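Here is structure.csv, consisting of CSV, C-alpha atoms:
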```csv
chain,number,residue,atom,x,y,z
A,24,MET,CA,104.4,-104.0,-52.6
A,25,LYS,CA,102.4,-105.4,-49.7
A,26,LYS,CA,105.4,-104.9,-47.3
A,27,MET,CA,105.8,-101.2,-48.4
A,28,LEU,CA,102.1,-100.2,-48.1
A,29,PRO,CA,102.2,-99.7,-44.3
A,30,TRP,CA,105.4,-97.6,-44.7
A,31,LEU,CA,103.8,-95.4,-47.4
A,32,ILE,CA,100.7,-94.9,-45.4
A,33,THR,CA,102.7,-93.9,-42.3
A,34,ILE,CA,104.9,-91.5,-44.3
A,35,LEU,CA,101.9,-89.8,-46.0
A,36,LEU,CA,100.0,-89.6,-42.7
A,37,SER,CA,103.1,-88.0,-41.0
A,38,ILE,CA,103.5,-85.5,-43.8
A,39,THR,CA,99.8,-84.6,-43.7
A,40,LEU,CA,99.9,-84.1,-39.9
A,41,ILE,CA,103.1,-81.9,-40.1
A,42,VAL,CA,101.6,-79.7,-42.8
A,43,LEU,CA,98.4,-79.4,-40.8
A,44,ALA,CA,100.3,-78.5,-37.6
A,45,ILE,CA,102.3,-75.8,-39.4
A,46,PHE,CA,99.2,-74.3,-41.0
A,47,LEU,CA,97.3,-74.1,-37.7
A,48,LEU,CA,100.3,-72.8,-35.7
A,49,SER,CA,101.3,-70.2,-38.3
A,50,ASN,CA,97.7,-69.0,-38.6
A,51,LYS,CA,97.4,-68.6,-34.8
A,52,LEU,CA,100.7,-66.8,-34.4
A,53,VAL,CA,100.2,-64.4,-37.2
A,54,GLY,CA,96.5,-63.8,-36.3
A,55,ASP,CA,97.4,-62.9,-32.7
A,56,ASN,CA,100.0,-60.4,-33.6
A,57,GLU,CA,97.7,-58.6,-36.0
A,58,LYS,CA,94.9,-58.5,-33.4
A,59,ASP,CA,97.2,-57.2,-30.7
A,60,THR,CA,98.5,-54.3,-32.8
A,61,ALA,CA,95.0,-53.4,-34.1
A,62,SER,CA,93.4,-53.6,-30.7
A,63,GLY,CA,96.3,-51.7,-29.0
A,64,ASN,CA,95.7,-48.5,-31.1
A,65,GLY,CA,92.0,-49.1,-31.9
A,66,SER,CA,90.8,-49.5,-28.3
A,67,ALA,CA,92.4,-46.3,-27.2
A,68,LEU,CA,91.0,-44.4,-30.1
A,69,SER,CA,87.5,-45.8,-30.1
A,70,LYS,CA,86.8,-45.0,-26.4
A,71,MET,CA,87.5,-41.2,-26.8
A,72,SER,CA,84.8,-38.7,-27.5
A,73,ALA,CA,85.4,-35.8,-29.9
A,74,ASP,CA,86.2,-33.4,-27.1
A,75,GLU,CA,88.7,-35.8,-25.6
A,76,ILE,CA,90.4,-36.3,-28.9
A,77,VAL,CA,90.7,-32.5,-29.3
A,78,LYS,CA,92.2,-32.2,-25.8
A,79,MET,CA,94.7,-34.9,-26.5
A,80,THR,CA,95.8,-33.6,-30.0
A,81,SER,CA,98.6,-31.3,-30.8
A,82,GLU,CA,99.4,-29.8,-34.2
A,83,ILE,CA,102.6,-28.8,-36.0
A,84,THR,CA,102.0,-26.8,-39.1
A,85,GLY,CA,104.2,-25.1,-41.7
A,86,ILE,CA,107.0,-27.7,-42.0
A,87,LYS,CA,108.9,-26.9,-45.2
A,88,THR,CA,112.0,-28.8,-46.2
A,89,ASN,CA,113.8,-30.6,-49.0
A,90,ILE,CA,113.4,-34.4,-49.2
A,91,ALA,CA,115.8,-37.1,-50.4
A,92,ASP,CA,115.5,-36.1,-54.0
A,93,PRO,CA,117.1,-32.7,-54.3
A,94,GLY,CA,114.6,-31.7,-57.0
A,95,TYR,CA,111.6,-31.8,-54.6
A,96,ILE,CA,110.4,-29.7,-51.6
A,97,ALA,CA,107.7,-30.9,-49.1
A,98,GLN,CA,105.4,-28.7,-47.1
A,99,MET,CA,103.4,-30.5,-44.4
A,100,ALA,CA,101.3,-30.2,-41.3
A,101,PHE,CA,100.7,-32.9,-38.8
A,102,ALA,CA,98.2,-33.7,-36.0
A,103,PHE,CA,99.5,-35.8,-33.1
A,104,GLN,CA,97.2,-37.6,-30.8
A,105,LEU,CA,98.7,-38.5,-27.4
A,106,SER,CA,97.7,-40.9,-24.7
A,107,ASP,CA,96.9,-38.5,-21.9
A,108,LYS,CA,97.0,-34.8,-20.9
A,109,LYS,CA,100.4,-35.1,-19.2
A,110,ALA,CA,101.9,-36.5,-22.5
A,111,LYS,CA,100.2,-33.7,-24.5
A,112,GLU,CA,101.7,-31.0,-22.1
A,113,GLU,CA,105.1,-32.5,-22.5
A,114,PHE,CA,104.7,-32.8,-26.2
A,115,ASP,CA,103.7,-29.1,-26.5
A,116,LYS,CA,106.8,-28.1,-24.6
A,117,ILE,CA,109.2,-30.0,-26.8
A,118,LYS,CA,107.5,-29.9,-30.2
A,119,GLU,CA,109.5,-27.0,-31.5
A,120,ILE,CA,112.9,-28.1,-30.2
A,121,LYS,CA,112.7,-31.9,-30.4
A,122,ILE,CA,109.7,-33.1,-32.5
A,123,LYS,CA,110.0,-30.7,-35.4
A,124,PRO,CA,113.7,-31.6,-36.0
A,125,ILE,CA,112.8,-35.3,-35.9
A,126,ILE,CA,110.1,-34.7,-38.6
A,127,ILE,CA,112.6,-32.7,-40.8
A,128,LYS,CA,115.3,-35.4,-40.5
A,129,THR,CA,112.8,-38.1,-41.4
A,130,LEU,CA,111.6,-36.1,-44.4
A,131,VAL,CA,115.1,-35.4,-45.6
A,132,ASP,CA,115.7,-39.2,-45.8
A,133,THR,CA,112.3,-39.9,-47.5
A,134,LYS,CA,112.0,-40.2,-51.3
A,135,PRO,CA,109.1,-38.4,-53.0
A,136,GLU,CA,107.7,-41.6,-54.4
A,137,LEU,CA,107.1,-42.9,-50.9
A,138,LEU,CA,104.9,-40.0,-50.1
A,139,ASN,CA,102.8,-40.2,-53.2
A,140,ASP,CA,100.6,-43.2,-52.1
A,141,SER,CA,98.8,-44.1,-48.9
A,142,LYS,CA,100.9,-47.2,-48.2
A,143,GLY,CA,104.1,-45.2,-48.4
A,144,ARG,CA,102.6,-42.5,-46.2
A,145,GLU,CA,101.7,-45.1,-43.6
A,146,GLN,CA,105.2,-46.4,-43.6
A,147,PHE,CA,106.5,-42.8,-43.1
A,148,ILE,CA,104.1,-42.2,-40.3
A,149,ALA,CA,105.0,-45.5,-38.6
A,150,LYS,CA,108.7,-44.6,-38.7
A,151,LEU,CA,107.9,-41.1,-37.4
A,152,GLN,CA,105.8,-42.4,-34.6
A,153,ASN,CA,108.5,-44.8,-33.4
A,154,LEU,CA,111.1,-42.0,-33.4
A,155,ILE,CA,108.9,-39.5,-31.6
A,156,ASN,CA,107.8,-42.1,-29.0
A,157,LYS,CA,111.5,-42.6,-28.1
A,158,SER,CA,111.8,-38.9,-27.2
A,159,LEU,CA,108.7,-38.8,-25.0
A,160,THR,CA,109.3,-39.4,-21.3
A,161,SER,CA,105.7,-39.6,-20.2
A,162,GLY,CA,102.8,-41.1,-22.1
A,163,ARG,CA,103.0,-42.1,-25.7
A,164,LEU,CA,102.0,-41.0,-29.1
A,165,ILE,CA,98.9,-42.9,-30.3
A,166,GLN,CA,98.3,-41.6,-33.8
A,167,ILE,CA,99.8,-39.2,-36.3
A,168,GLU,CA,97.7,-37.7,-39.1
A,169,MET,CA,99.0,-35.7,-42.1
A,170,THR,CA,96.6,-32.7,-42.2
A,171,ASP,CA,98.3,-30.9,-45.1
A,172,VAL,CA,100.7,-32.4,-47.7
A,173,MET,CA,102.3,-30.7,-50.7
A,174,ILE,CA,105.2,-32.1,-52.5
A,175,VAL,CA,106.5,-29.8,-55.2
A,176,GLU,CA,109.2,-30.3,-57.9
A,177,ILE,CA,111.6,-27.5,-58.1
```
Transcribe the structure of this file into structure tokens.
Amino acid sequence: MKKMLPWLITILLSITLIVLAIFLLSNKLVGDNEKDTASGNGSALSKMSADEIVKMTSEITGIKTNIADPGYIAQMAFAFQLSDKKAKEEFDKIKEIKIKPIIIKTLVDTKPELLNDSKGREQFIAKLQNLINKSLTSGRLIQIEMTDVMIVEI
């Protein structure tokens, strides 16, 4: 037993150090990613005054379409906040011919259960934001808000 004691202590110490290193590294990596995404959107939004937000926001209202379940129809309106005036001007030019079809295609693929809670709506908005940002050539879409939502069973 006396010959094995140094080996046991070494093994236990090694395992403890490995677990501690994994814990510290995973905490640091996950924490940095969350801070980057939160500060990326939050810093741009918090520095704007109400007048600037209104100048950078565009609306699309009156979207009516069926959704993934054929027994439901959705009627929605959205407010889109863009990064700068040039991006807003571009967005306003293409919103009827490019952005509205993107919204309708995304809605058609969405199940009504997803839009019933806030977590599902956030997923829908994140997907929509990624698709719309790909179609913008200048600036970027910072935030999307659902200003009117009605999902009706036929």
Distance of CA of Asp92 in chain A from CA of Glu168 in chain A, expressed in Å to one decimal place: 23.3 Å
Length of the CA of Gln166 in chain A to CA of Gln104 in chain A vector [Å]: 5.1 Å
Using all atoms listed in the file: which of A:Asn89, A:Ser141, A:Thr84, A:Gln98 has the shortest distance to Ile122 in chain A: A:Thr84
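Closest approach to Gln152 in chain A among A:Ile34, A:Met173, A:Ile120, A:Ala102: A:Ala102, based on all atoms listed in the file.
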Polymer residues at most 12 Å from range 70-81 of chain A, all atoms listed in the file, same-chain spacing of 2 or more positions, as number ranges by chain: A: 62-68, 83-84, 100-119, 122, 162-168, 170
Protein and nucleic acid residues near (115.7, -37.9, -44.7) (cut-off 12 Å, all atoms listed in the file) as a ChimeraX atom specification: /A:88-93,96-97,124-135,137,147,150-151
